[in-house]
>>> print(open('my_file-v2.txt').read())   # compact mmCIF, C-alpha atoms
# COMPACT_ATOMS: atom_id res chain seq x y z
CA MET A 36 -23.85 -89.66 29.80
CA THR A 37 -20.93 -87.46 29.24
CA PRO A 38 -21.86 -83.82 28.93
CA SER A 39 -21.46 -82.78 25.32
CA ILE A 40 -19.94 -79.45 24.70
CA CYS A 41 -21.83 -77.34 22.28
CA GLN A 42 -19.68 -77.41 19.16
CA SER A 43 -20.91 -74.05 18.00
CA CYS A 44 -19.86 -72.54 21.30
CA LEU A 45 -16.33 -73.74 20.78
CA GLN A 46 -16.23 -72.56 17.22
CA ASN A 47 -17.92 -69.22 17.76
CA PRO A 48 -17.60 -68.30 21.38
CA HIS A 49 -19.31 -65.18 22.63
CA PHE A 50 -17.26 -62.04 22.63
CA PHE A 51 -17.49 -61.55 26.36
CA LEU A 52 -16.15 -65.07 27.04
CA ILE A 53 -12.86 -64.56 25.21
CA PRO A 54 -10.00 -63.30 27.41
CA ARG A 55 -8.78 -59.94 26.16
CA GLY A 56 -5.15 -60.85 25.78
CA LEU A 57 -5.91 -63.49 23.19
CA PHE A 58 -6.60 -61.13 20.33
CA ALA A 59 -4.79 -57.96 19.23
CA GLN A 60 -6.62 -54.76 20.03
CA THR A 61 -6.25 -52.36 17.12
CA SER A 62 -6.38 -48.64 18.04
CA ALA A 63 -7.03 -47.47 14.46
CA ARG A 64 -10.61 -46.72 13.70
CA GLY A 65 -12.37 -46.35 10.43
CA ILE A 66 -12.38 -48.34 7.27
CA LYS A 67 -8.76 -48.86 6.36
CA SER A 68 -7.02 -51.66 4.64
CA ILE A 69 -4.56 -53.52 6.84
CA SER A 70 -2.53 -54.62 3.85
CA ALA A 71 -0.27 -52.40 1.76
CA PRO A 72 -1.79 -51.06 -1.46
CA ARG A 73 -1.09 -53.42 -4.32
CA ARG A 74 0.59 -52.08 -7.36
CA ASN A 75 -1.81 -51.70 -10.26
CA ARG A 76 -0.61 -53.90 -13.14
CA PHE A 77 -2.71 -51.99 -15.68
CA ASN A 78 -2.16 -48.51 -17.18
CA GLN A 79 1.40 -48.26 -15.89
CA ASP A 80 3.14 -47.42 -19.12
CA PRO A 81 5.14 -44.14 -19.03
CA SER A 82 3.89 -43.31 -22.52
CA LEU A 83 0.31 -43.05 -21.23
CA PRO A 84 -0.92 -39.59 -20.18
CA ARG A 85 -0.71 -38.80 -16.48
CA LEU A 86 -3.92 -39.29 -14.54
CA GLY A 87 -5.52 -35.93 -13.91
CA ALA A 88 -6.49 -36.80 -10.35
CA SER A 89 -2.95 -37.07 -9.04
CA THR A 90 -0.55 -34.79 -7.16
CA ALA A 91 1.93 -34.84 -10.00
CA ALA A 92 -0.69 -33.77 -12.52
CA ALA A 93 -1.96 -31.01 -10.21
CA LEU A 94 1.53 -29.59 -9.73
CA GLU A 95 2.11 -29.73 -13.46
CA ARG A 96 -1.10 -27.85 -14.13
CA LYS A 97 -0.15 -25.08 -11.72
CA ALA A 98 3.54 -24.99 -12.61
CA TYR A 99 3.12 -22.22 -15.14
CA ALA A 100 1.57 -19.89 -12.60
CA THR A 101 3.78 -20.90 -9.66
CA PRO A 102 6.73 -18.52 -9.33
CA LEU A 103 10.31 -19.69 -9.45
CA ARG A 104 11.41 -17.35 -6.65
CA THR A 105 10.09 -16.93 -3.17
CA GLY A 106 8.43 -13.76 -1.97
CA ALA A 107 9.24 -11.61 1.01
CA LEU A 108 7.48 -9.99 3.94
CA GLY A 109 7.30 -6.29 4.66
CA THR A 110 5.22 -3.77 6.54
CA LYS A 111 3.57 -0.72 5.05
CA LYS A 112 5.07 2.31 6.73
CA GLY A 113 3.10 4.97 4.94
CA MET A 114 2.45 6.66 1.63
CA SER A 115 4.07 9.47 -0.27
CA ALA A 116 4.35 10.85 -3.78
CA VAL A 117 6.86 10.51 -6.59
CA TYR A 118 7.31 13.28 -9.17
CA ASP A 119 8.87 12.22 -12.45
CA THR A 120 11.33 14.98 -13.35
CA GLU A 121 11.10 14.29 -17.09
CA THR A 122 7.37 14.02 -17.60
CA GLY A 123 6.36 16.03 -14.52
CA LYS A 124 3.81 13.35 -13.62
CA ARG A 125 2.98 12.71 -9.99
CA GLN A 126 2.33 9.21 -8.73
CA ALA A 127 1.28 8.05 -5.31
CA CYS A 128 3.57 5.50 -3.76
CA THR A 129 3.61 3.17 -0.74
CA ILE A 130 6.69 2.76 1.41
CA VAL A 131 7.24 -0.75 2.71
CA GLN A 132 9.97 -1.78 5.12
CA MET A 133 11.41 -5.26 5.50
CA ASP A 134 12.48 -6.29 8.97
CA ARG A 135 14.71 -9.30 9.71
CA VAL A 136 13.22 -11.45 6.96
CA GLN A 137 14.75 -14.92 7.03
CA VAL A 138 14.07 -18.30 5.49
CA VAL A 139 12.86 -20.56 8.30
CA ALA A 140 11.99 -23.85 6.62
CA HIS A 141 11.40 -25.68 3.37
CA LYS A 142 8.49 -27.66 2.08
CA THR A 143 9.54 -30.37 -0.37
CA ARG A 144 7.77 -32.59 -2.81
CA GLN A 145 9.08 -35.70 -1.05
CA LYS A 146 7.82 -34.82 2.40
CA ASN A 147 4.96 -32.41 1.88
CA GLY A 148 3.88 -32.94 -1.71
CA TYR A 149 4.85 -29.48 -2.94
CA TYR A 150 7.75 -27.05 -2.90
CA ALA A 151 7.55 -23.98 -0.70
CA VAL A 152 9.74 -21.67 1.32
CA GLN A 153 8.66 -20.69 4.81
CA VAL A 154 9.68 -17.13 5.51
CA GLY A 155 9.62 -15.35 8.86
CA SER A 156 9.80 -11.67 9.69
CA GLY A 157 10.19 -9.56 12.77
CA TRP A 158 10.99 -10.83 16.23
CA LYS A 159 8.90 -12.16 19.09
CA HIS A 160 10.00 -12.70 22.67
CA PRO A 161 10.69 -16.39 23.33
CA SER A 162 8.51 -16.29 26.44
CA ASN A 163 5.52 -15.57 24.21
CA ILE A 164 6.10 -18.52 21.91
CA THR A 165 5.03 -22.12 22.46
CA ARG A 166 7.72 -24.72 22.97
CA PRO A 167 6.89 -26.61 19.78
CA LEU A 168 7.34 -23.44 17.77
CA LEU A 169 10.54 -22.57 19.64
CA GLY A 170 11.85 -26.00 18.71
CA HIS A 171 10.92 -25.34 15.10
CA TYR A 172 12.98 -22.15 15.10
CA ALA A 173 15.84 -23.81 16.95
CA GLU A 174 16.02 -26.56 14.36
CA SER A 175 16.45 -23.96 11.63
CA GLY A 176 18.90 -21.91 13.68
CA VAL A 177 16.88 -18.70 13.40
CA SER A 178 15.49 -16.35 16.01
CA PRO A 179 11.78 -16.55 16.87
CA LYS A 180 9.74 -14.63 14.28
CA ARG A 181 6.58 -12.62 14.66
CA HIS A 182 5.18 -13.57 11.27
CA LEU A 183 5.52 -16.84 9.41
CA VAL A 184 4.35 -17.23 5.86
CA GLU A 185 4.84 -19.85 3.17
CA PHE A 186 5.62 -19.01 -0.43
CA LYS A 187 5.01 -21.73 -2.99
CA VAL A 188 7.79 -22.18 -5.55
CA ARG A 189 7.90 -24.21 -8.69
CA ASP A 190 10.74 -26.59 -7.86
CA GLU A 191 13.79 -27.16 -5.66
CA ARG A 192 15.71 -24.36 -7.41
CA GLY A 193 13.53 -21.85 -5.58
CA LEU A 194 14.41 -23.22 -2.13
CA LEU A 195 16.83 -20.79 -0.54
CA GLY A 196 19.23 -21.75 2.22
CA ILE A 197 17.66 -22.02 5.65
CA GLY A 198 18.53 -18.98 7.73
CA GLU A 199 19.27 -16.88 4.65
CA THR A 200 18.28 -13.25 5.06
CA LEU A 201 16.12 -11.57 2.44
CA GLY A 202 16.68 -7.88 1.99
CA ALA A 203 15.13 -5.18 -0.13
CA GLY A 204 17.67 -6.17 -2.76
CA TRP A 205 15.54 -9.23 -3.42
CA PHE A 206 13.43 -6.90 -5.61
CA GLN A 207 14.53 -4.74 -8.52
CA GLU A 208 13.41 -1.30 -9.57
CA GLY A 209 10.87 -1.54 -12.34
CA GLN A 210 9.87 -5.07 -11.37
CA TYR A 211 6.21 -5.96 -10.95
CA VAL A 212 5.10 -7.73 -7.78
CA ASP A 213 1.87 -9.01 -6.29
CA ALA A 214 1.15 -7.36 -2.99
CA ARG A 215 -1.02 -9.11 -0.44
CA ALA A 216 -2.37 -7.99 2.89
CA ASN A 217 -5.42 -8.34 5.07
CA SER A 218 -8.02 -5.73 4.36
CA ARG A 219 -9.47 -3.51 7.04
CA GLY A 220 -12.19 -5.14 9.06
CA MET A 221 -15.52 -3.38 8.73
CA GLY A 222 -17.32 -5.51 11.28
CA PHE A 223 -20.97 -6.36 10.76
CA ALA A 224 -21.77 -4.23 7.71
CA GLY A 225 -25.18 -3.54 6.29
CA GLY A 226 -26.38 -4.23 2.76
CA MET A 227 -25.64 -0.76 1.46
CA LYS A 228 -22.03 -0.83 2.54
CA ARG A 229 -21.36 -4.47 1.90
CA HIS A 230 -23.09 -4.98 -1.44
CA GLY A 231 -23.94 -1.49 -2.64
CA PHE A 232 -27.68 -1.88 -2.22
CA LYS A 233 -29.50 1.34 -2.98
CA GLY A 234 -31.67 1.48 0.11
CA GLN A 235 -34.92 3.41 0.16
CA PRO A 236 -35.71 7.13 -0.25
CA ALA A 237 -34.94 9.48 2.60
CA SER A 238 -38.48 10.87 2.72
CA HIS A 239 -41.87 10.44 1.02
CA GLY A 240 -43.32 8.34 3.78
CA VAL A 241 -40.58 5.73 4.16
CA SER A 242 -40.73 4.56 7.77
CA LEU A 243 -37.62 3.23 9.51
CA THR A 244 -36.27 1.40 6.45
CA HIS A 245 -33.98 3.90 4.74
CA ARG A 246 -30.95 1.60 4.65
CA ALA A 247 -32.69 -1.74 4.84
CA MET A 248 -32.31 -4.53 2.33
CA GLY A 249 -35.87 -4.43 1.09
CA SER A 250 -36.97 -7.68 -0.45
CA ALA A 251 -35.03 -10.93 -0.05
CA GLY A 252 -36.50 -12.62 -3.12
CA GLN A 253 -39.64 -13.87 -4.76
CA SER A 254 -42.61 -15.55 -3.22
CA GLN A 255 -43.97 -19.01 -4.01
CA GLY A 256 -42.89 -18.69 -7.62
CA GLY A 257 -39.26 -18.15 -6.61
CA GLY A 258 -38.88 -21.32 -4.56
CA SER A 259 -40.89 -20.37 -1.44
CA ARG A 260 -37.64 -19.61 0.31
CA VAL A 261 -34.66 -17.31 0.33
CA LEU A 262 -32.26 -18.77 -2.20
CA PRO A 263 -28.83 -19.84 -0.92
CA GLY A 264 -26.18 -17.24 -1.58
CA LYS A 265 -28.59 -14.34 -1.22
CA ARG A 266 -26.49 -11.24 -0.51
CA MET A 267 -27.32 -9.98 2.95
CA PRO A 268 -25.69 -7.93 5.72
CA GLY A 269 -22.82 -9.61 7.49
CA ARG A 270 -19.15 -9.39 8.40
CA MET A 271 -17.13 -7.43 5.90
CA GLY A 272 -13.40 -7.03 5.49
CA GLY A 273 -10.55 -8.61 7.39
CA HIS A 274 -9.70 -11.00 4.59
CA GLN A 275 -6.70 -11.30 2.34
CA VAL A 276 -6.58 -9.05 -0.69
CA THR A 277 -4.06 -9.33 -3.53
CA THR A 278 -3.10 -6.45 -5.78
CA GLN A 279 -1.36 -7.79 -8.86
CA ASN A 280 1.34 -6.18 -10.96
CA VAL A 281 2.36 -3.42 -8.59
CA ARG A 282 5.44 -1.71 -9.93
CA VAL A 283 8.49 -1.34 -7.69
CA ILE A 284 9.58 2.29 -7.93
CA LYS A 285 12.64 2.24 -5.74
CA VAL A 286 14.65 -0.17 -3.64
CA ASP A 287 16.85 0.87 -0.73
CA ASP A 288 18.72 -2.16 0.57
CA GLU A 289 20.43 -0.29 3.38
CA LYS A 290 17.19 0.75 5.04
CA GLY A 291 15.23 -2.28 3.87
CA ILE A 292 12.81 -0.08 1.95
CA VAL A 293 10.81 -1.02 -1.10
CA VAL A 294 8.72 1.73 -2.65
CA LEU A 295 5.69 0.47 -4.54
CA ASN A 296 3.52 2.33 -7.00
CA GLY A 297 0.00 3.19 -5.96
CA SER A 298 -1.96 2.47 -2.83
CA SER A 299 -1.89 -0.69 -0.77
CA HIS A 300 -3.56 -2.15 2.26
CA LYS A 301 -2.20 -1.28 5.64
CA ASP A 302 -0.56 -3.61 8.10
CA LEU A 303 1.53 -6.54 7.01
CA PHE A 304 2.53 -7.10 3.44
CA VAL A 305 3.21 -10.35 1.71
CA LYS A 306 5.09 -9.60 -1.46
CA ARG A 307 6.10 -11.74 -4.33
CA MET B 263 15.31 -24.62 24.78
CA LYS B 264 17.90 -23.10 22.54
CA THR B 265 16.96 -19.74 21.04
CA TYR B 266 19.08 -17.81 18.59
CA PRO B 267 19.50 -14.03 18.74
CA PRO B 268 17.87 -12.05 15.94
CA PRO B 269 19.93 -10.37 13.21
CA PRO B 270 20.36 -6.56 13.35
CA SER B 271 17.05 -4.86 12.72
CA LYS B 272 16.78 -2.24 9.96
CA ARG B 273 13.36 -1.29 11.28
CA ASN B 274 14.88 -0.24 14.60
CA LYS B 275 17.78 1.51 12.89
CA TYR B 276 15.56 3.46 10.47
CA PRO B 277 12.22 3.82 12.23
CA GLU B 278 11.00 6.73 10.05
CA PRO B 279 11.45 5.68 6.42
CA VAL B 280 8.60 7.86 5.12
CA LYS B 281 10.13 11.06 6.51
CA GLU B 282 13.53 10.14 5.11
CA TRP B 283 12.07 9.34 1.72
CA ASN B 284 10.21 12.65 1.64
CA ALA B 285 13.33 14.57 2.56
CA ALA B 286 15.43 12.74 -0.01
CA HIS B 287 12.87 13.20 -2.79
CA LEU B 288 12.41 16.86 -1.90
CA ALA B 289 16.16 17.34 -2.26
CA THR B 290 15.95 16.15 -5.87
CA LEU B 291 12.90 18.29 -6.68
CA ASP B 292 14.11 21.44 -4.94
CA PRO B 293 17.92 21.19 -4.79
CA THR B 294 18.51 24.86 -4.02
CA THR B 295 15.59 24.87 -1.48
CA SER B 296 14.38 28.07 -3.17
CA ARG B 297 10.76 26.91 -3.35
CA THR B 298 10.81 25.79 0.28
CA ARG B 299 12.32 29.07 1.41
CA LEU B 300 9.79 31.04 -0.62
CA PHE B 301 6.90 29.46 1.23
CA ASP B 302 8.63 29.21 4.58
CA PRO B 303 6.47 30.82 7.30
CA SER B 304 9.48 32.78 8.54
CA ASN B 305 10.01 34.43 5.14
CA PRO B 306 8.45 37.94 5.30
CA ASP B 307 8.11 37.98 1.49
CA ARG B 308 6.25 34.68 1.30
CA PRO B 309 3.06 34.41 -0.75
CA ASN B 310 0.06 34.74 1.52
CA VAL B 311 -3.52 33.75 1.18
CA GLY B 312 -5.25 36.67 -0.52
CA ASP B 313 -2.28 37.69 -2.68
CA ILE B 314 -2.38 37.52 -6.45
CA LEU B 315 0.15 34.98 -7.70
CA LEU B 316 1.45 34.23 -11.17
CA THR B 317 2.69 30.71 -11.87
CA THR B 318 4.59 29.82 -15.01
CA PHE B 319 4.79 26.19 -16.09
CA ARG B 320 7.53 24.35 -17.92
CA ASN B 321 5.92 24.97 -21.32
CA ASN B 322 5.74 28.70 -20.42
CA ASP B 323 1.96 28.62 -19.93
CA PRO B 324 1.01 31.12 -17.23
CA PHE B 325 -1.79 30.89 -14.76
CA SER B 326 -2.54 33.68 -12.34
CA GLY B 327 -5.12 34.11 -9.67
CA VAL B 328 -5.90 35.00 -6.11
CA CYS B 329 -4.43 32.50 -3.72
CA ILE B 330 -7.36 31.32 -1.65
CA SER B 331 -5.70 28.37 0.09
CA ILE B 332 -2.23 27.05 0.87
CA ARG B 333 -2.27 23.35 1.59
CA ARG B 334 0.87 22.34 3.43
CA ARG B 335 1.65 18.64 3.07
CA GLY B 336 5.41 18.45 2.72
CA LEU B 337 6.11 17.10 -0.76
CA ASP B 338 2.53 17.71 -1.86
CA THR B 339 2.27 21.32 -0.69
CA ALA B 340 -0.09 23.13 -3.07
CA ILE B 341 -1.70 26.52 -3.61
CA LEU B 342 -5.22 27.11 -4.88
CA LEU B 343 -5.45 29.99 -7.35
CA ARG B 344 -8.74 31.49 -8.40
CA ASN B 345 -9.29 33.61 -11.47
CA ARG B 346 -12.13 34.60 -13.76
CA LEU B 347 -11.41 33.78 -17.38
CA MET B 348 -14.09 35.42 -19.58
CA THR B 349 -16.59 35.54 -16.67
CA VAL B 350 -16.02 31.83 -15.93
CA GLY B 351 -14.56 31.19 -12.52
CA VAL B 352 -11.55 28.90 -12.70
CA GLU B 353 -9.66 27.45 -9.77
CA MET B 354 -6.41 25.60 -10.10
CA TRP B 355 -4.36 23.67 -7.60
CA VAL B 356 -0.65 24.07 -8.21
CA LYS B 357 1.73 21.68 -6.50
CA ILE B 358 4.70 23.90 -5.70
CA TYR B 359 7.28 21.09 -5.89
CA SER B 360 6.09 19.72 -9.19
CA PRO B 361 8.76 19.72 -11.92
CA GLU B 362 6.15 21.31 -14.20
CA VAL B 363 6.10 24.53 -12.17
CA LYS B 364 8.85 26.84 -13.40
CA SER B 365 8.18 29.88 -11.21
CA ILE B 366 5.76 31.34 -8.70
CA GLU B 367 5.69 35.11 -8.42
CA VAL B 368 3.73 37.45 -6.20
CA VAL B 369 1.97 39.95 -8.49
CA LYS B 370 0.13 41.96 -5.90
CA ARG B 371 -0.16 41.73 -2.16
CA ALA B 372 -3.53 41.87 -0.45
CA GLU B 373 -4.26 45.26 1.07
CA LYS B 374 -5.24 43.76 4.35
CA ARG B 375 -4.20 40.47 5.88
CA ALA B 376 -6.97 37.95 5.39
CA ARG B 377 -8.56 36.94 8.66
CA ARG B 378 -8.79 33.28 7.78
CA ALA B 379 -6.64 30.64 6.18
CA ARG B 380 -9.08 29.49 3.47
CA LEU B 381 -10.83 32.21 1.49
CA TYR B 382 -13.64 30.08 0.09
CA TYR B 383 -16.00 33.02 0.58
CA MET B 384 -14.40 34.51 -2.53
CA ARG B 385 -16.46 32.11 -4.57
CA LYS B 386 -19.55 34.09 -3.72
CA PRO B 387 -20.33 36.98 -6.06
CA LYS B 388 -20.21 39.50 -3.22
CA HIS B 389 -16.53 38.83 -2.49
CA ASP B 390 -15.34 37.54 -5.84
CA ARG B 391 -12.22 39.36 -6.93
CA GLY B 392 -13.06 38.89 -10.57
CA SER B 393 -10.38 38.73 -13.22
CA VAL B 394 -6.84 39.49 -12.12
CA GLU B 395 -5.62 40.05 -15.66
CA GLY B 396 -5.39 43.80 -15.09
CA GLU B 397 -3.05 43.51 -12.12
CA VAL B 398 -0.96 40.86 -13.87
CA GLU B 399 -0.57 43.08 -16.94
CA GLU B 400 0.63 45.95 -14.77
CA TYR B 401 3.06 43.71 -12.97
CA LEU B 402 4.46 42.24 -16.17
CA LYS B 403 4.90 45.74 -17.64
CA ARG B 404 6.82 46.84 -14.57
CA ARG B 405 8.90 43.71 -14.60
CA ARG B 406 9.79 44.24 -18.23
CA LEU B 407 10.90 47.79 -17.48
CA ILE B 408 13.00 46.71 -14.52
CA ARG B 409 14.65 43.97 -16.50
CA SER B 410 15.44 46.27 -19.39
CA GLY B 411 17.01 48.71 -16.92
CA ALA B 412 14.76 51.65 -17.96
CA LEU B 413 13.72 52.40 -14.39
CA GLY B 414 17.27 52.24 -13.14
CA VAL B 415 16.30 49.86 -10.36
CA LYS B 416 18.01 46.55 -9.70
CA GLU B 417 15.70 43.59 -9.60
CA PRO B 418 15.72 42.01 -6.15
CA GLY B 419 17.22 38.58 -6.02
CA MET B 420 19.16 39.15 -9.24
CA SER B 421 22.08 40.93 -7.59
CA GLY B 422 24.32 37.92 -7.93
CA LYS B 423 23.07 36.02 -4.92
CA ARG B 424 21.40 32.68 -5.58
CA GLY B 425 17.77 32.17 -4.79
CA ILE B 426 15.24 34.63 -3.38
CA SER B 427 16.56 37.49 -1.33
CA ALA B 428 15.33 37.36 2.23
CA LYS B 429 15.60 41.11 2.69
CA ARG B 430 12.59 43.27 1.92
CA PRO B 431 13.24 45.14 -1.35
CA GLU B 432 12.76 48.91 -1.45
CA GLN B 433 11.11 48.88 -4.80
CA GLY B 434 10.32 46.28 -7.34
CA LYS B 435 7.92 43.55 -8.16
CA VAL B 436 7.42 42.29 -4.64
CA GLY B 437 5.73 44.37 -1.97
CA VAL B 438 3.37 46.49 -4.09
CA GLY B 439 0.46 47.79 -2.11
CA ALA B 440 0.28 48.34 1.60
CA LYS B 441 0.84 45.17 3.55
>>> encode(input="my_file-v2.txt", output="structure tokens")
Amino acid sequence: MTPSICQSCLQNPHFFLIPRGLFAQTSARGIKSISAPRRNRFNQDPSLPRLGASTAAALERKAYATPLRTGALGTKKGMSAVYDTETGKRQACTIVQMDRVQVVAHKTRQKNGYYAVQVGSGWKHPSNITRPLLGHYAESGVSPKRHLVEFKVRDERGLLGIGETLGAGWFQEGQYVDARANSRGMGFAGGMKRHGFKGQPASHGVSLTHRAMGSAGQSQGGGSRVLPGKRMPGRMGGHQVTTQNVRVIKVDDEKGIVVLNGSSHKDLFVKR
Amino acid sequence: MKTYPPPPSKRNKYPEPVKEWNAAHLATLDPTTSRTRLFDPSNPDRPNVGDILLTTFRNNDPFSGVCISIRRRGLDTAILLRNRLMTVGVEMWVKIYSPEVKSIEVVKRAEKRARRARLYYMRKPKHDRGSVEGEVEEYLKRRRLIRSGALGVKEPGMSGKRGISAKRPEQGKVGVGAK
């Protein structure tokens, strides 16, 4: 009697019996198709409206609000006052200085899905910069920058030449800009400071709860819990703040000075 | 790794833009530096805290009062004048470099040098100077006479030289009362 080989074993051998070299080991994990996406033969007519859930449609939606020109970086140096000689009116002003602002890189629709200009300012010692970032600067032919910021632009017309310097002349007197900076960090702030809670009276028997939150909500009738989003003490400040429509009072290209109307946050400025 | 040198830095070349801006703006507000020299601490005829000052604005409105504080902040230097208008105490801050301020004159000097820089105690009824209209009227009368030439005295600072005369005048509107 010849030994009969189990047919099922030949057809479906156990995993551990198969030598490893006989099948390709794929390193990709997850659920991904191994074939290229097939072109959809339906709804391809150019006369049809663009699908809302697409990059093109998103860019189109935001195009109106996306500026044509890039912004620039500057540092707030201090504040002063401007007296108008005709009207005699006094206005507070902020003095911002631009320091070695250069275009470092571009973001394009083809590669990154949107158009943006990467702008750097200041200077940092090469020994304090990682090699990947040094390579990034070397590719653009610019010196290592202390600050790097991207400014979204509407289309390729807003992409300046790489290495091009931006001076105070980028802005005009009387122009309105949006000024952005990080606000001062207030650390772990209590309810009164953070949300303007009223606290409790200073006297009349109040014990140890003058600045406390008080109640955090209802009882059983209000969900038997503290509702999500309840305003409570926590970290305050240290986030980006934008002041829109700040008027440029004066521009001094030689010193790299831009004088803005009103008050602004300290430290670095991101202007557009 | 190739690194490129940075372009020339304007921040390093002009490290004090605020000071420069203040100086430049002050030059447009006070081109003859007369206001600055008037309040300069080295000027013996400068207005002091405790003196009665008369300020005239661009629309010729006057405001007079005892100077109870001089706030020195460069461009924003200001004086606080206190007066009683019809028994109502009125205090007014006057920015000396404002284009609205036409002139600041010393009407009457304090008899004794005030022993502090801010005379907020004058707000209390015990030390309140009251209305200074009387002294201002006297001063304006004398000024009118000098200008008309009736007293036969030359007005200091009007002898052809520009700006305020640094020398102490023998007679005239400035220096009335023992210093």
>>> closest_atom_pairs(input="my_file-v2.txt", of="chain A", to="chain B", cutoff="8 Å", atoms="all atoms listed in the file", output="JSON lines")
{"residue": "A:Lys112", "atom": "CA", "partner": "B:Val280", "partner_atom": "CA", "distance": 6.8}
{"residue": "A:Gly113", "atom": "CA", "partner": "B:Val280", "partner_atom": "CA", "distance": 6.2}
{"residue": "A:Met114", "atom": "CA", "partner": "B:Val280", "partner_atom": "CA", "distance": 7.2}
{"residue": "A:Ser115", "atom": "CA", "partner": "B:Asn284", "partner_atom": "CA", "distance": 7.2}
{"residue": "A:Ala116", "atom": "CA", "partner": "B:Leu337", "partner_atom": "CA", "distance": 7.2}
{"residue": "A:Val117", "atom": "CA", "partner": "B:His287", "partner_atom": "CA", "distance": 7.6}
{"residue": "A:Tyr118", "atom": "CA", "partner": "B:Ser360", "partner_atom": "CA", "distance": 6.6}
{"residue": "A:Asp119", "atom": "CA", "partner": "B:Pro361", "partner_atom": "CA", "distance": 7.5}
{"residue": "A:Thr120", "atom": "CA", "partner": "B:Pro361", "partner_atom": "CA", "distance": 5.6}
{"residue": "A:Glu121", "atom": "CA", "partner": "B:Pro361", "partner_atom": "CA", "distance": 7.9}
{"residue": "A:Gly123", "atom": "CA", "partner": "B:Pro361", "partner_atom": "CA", "distance": 5.1}
{"residue": "A:Arg125", "atom": "CA", "partner": "B:Ser360", "partner_atom": "CA", "distance": 7.7}
{"residue": "A:Ile130", "atom": "CA", "partner": "B:Val280", "partner_atom": "CA", "distance": 6.6}
{"residue": "A:Gln132", "atom": "CA", "partner": "B:Arg273", "partner_atom": "CA", "distance": 7.0}
{"residue": "A:Met133", "atom": "CA", "partner": "B:Arg273", "partner_atom": "CA", "distance": 7.3}
{"residue": "A:Asp134", "atom": "CA", "partner": "B:Arg273", "partner_atom": "CA", "distance": 5.6}
{"residue": "A:Arg135", "atom": "CA", "partner": "B:Ser271", "partner_atom": "CA", "distance": 5.9}
{"residue": "A:Trp158", "atom": "CA", "partner": "B:Pro268", "partner_atom": "CA", "distance": 7.0}
{"residue": "A:Pro161", "atom": "CA", "partner": "B:Thr265", "partner_atom": "CA", "distance": 7.5}
{"residue": "A:Arg166", "atom": "CA", "partner": "B:Met263", "partner_atom": "CA", "distance": 7.8}
{"residue": "A:Leu169", "atom": "CA", "partner": "B:Thr265", "partner_atom": "CA", "distance": 7.2}
{"residue": "A:Gly170", "atom": "CA", "partner": "B:Met263", "partner_atom": "CA", "distance": 7.1}
{"residue": "A:Tyr172", "atom": "CA", "partner": "B:Thr265", "partner_atom": "CA", "distance": 7.5}
{"residue": "A:Ala173", "atom": "CA", "partner": "B:Thr265", "partner_atom": "CA", "distance": 5.9}
{"residue": "A:Gly176", "atom": "CA", "partner": "B:Tyr266", "partner_atom": "CA", "distance": 6.4}
{"residue": "A:Val177", "atom": "CA", "partner": "B:Tyr266", "partner_atom": "CA", "distance": 5.7}
{"residue": "A:Ser178", "atom": "CA", "partner": "B:Tyr266", "partner_atom": "CA", "distance": 4.7}
{"residue": "A:Pro179", "atom": "CA", "partner": "B:Thr265", "partner_atom": "CA", "distance": 7.4}
{"residue": "A:Glu289", "atom": "CA", "partner": "B:Lys272", "partner_atom": "CA", "distance": 7.8}
{"residue": "A:Lys290", "atom": "CA", "partner": "B:Lys272", "partner_atom": "CA", "distance": 5.8}
{"residue": "A:Gly291", "atom": "CA", "partner": "B:Lys272", "partner_atom": "CA", "distance": 6.3}
{"residue": "A:Ile292", "atom": "CA", "partner": "B:Pro279", "partner_atom": "CA", "distance": 7.4}
>>> residues_around(input="my_file-v2.txt", residues="Lys111 in chain A", least_positions_apart="5", cutoff="10 Å", atoms="all atoms listed in the file", output="MDAnalysis selection string")
(chainID A and resid 129:133 216 292:295 299:304) or (chainID B and resid 280)
>>> atom_distance(input="my_file-v2.txt", atom1="CA of Val154 in chain A", atom2="CA of Val139 in chain A")
5.4 Å
>>> residues_around(input="my_file-v2.txt", residues="Glu397 in chain B", least_positions_apart="4", cutoff="10 Å", atoms="all atoms listed in the file", output="list in words")
Ile314, Ser326, Gly327, Val369, Lys370, Ser393, Tyr401, Leu402 and Lys403 of chain B
>>> residues_around(input="my_file-v2.txt", residues="Thr317 in chain B", least_positions_apart="5", cutoff="6 Å", atoms="only C-alpha atoms", output="list in words")
Pro324, Phe325, Ser365 and Ile366 of chain B
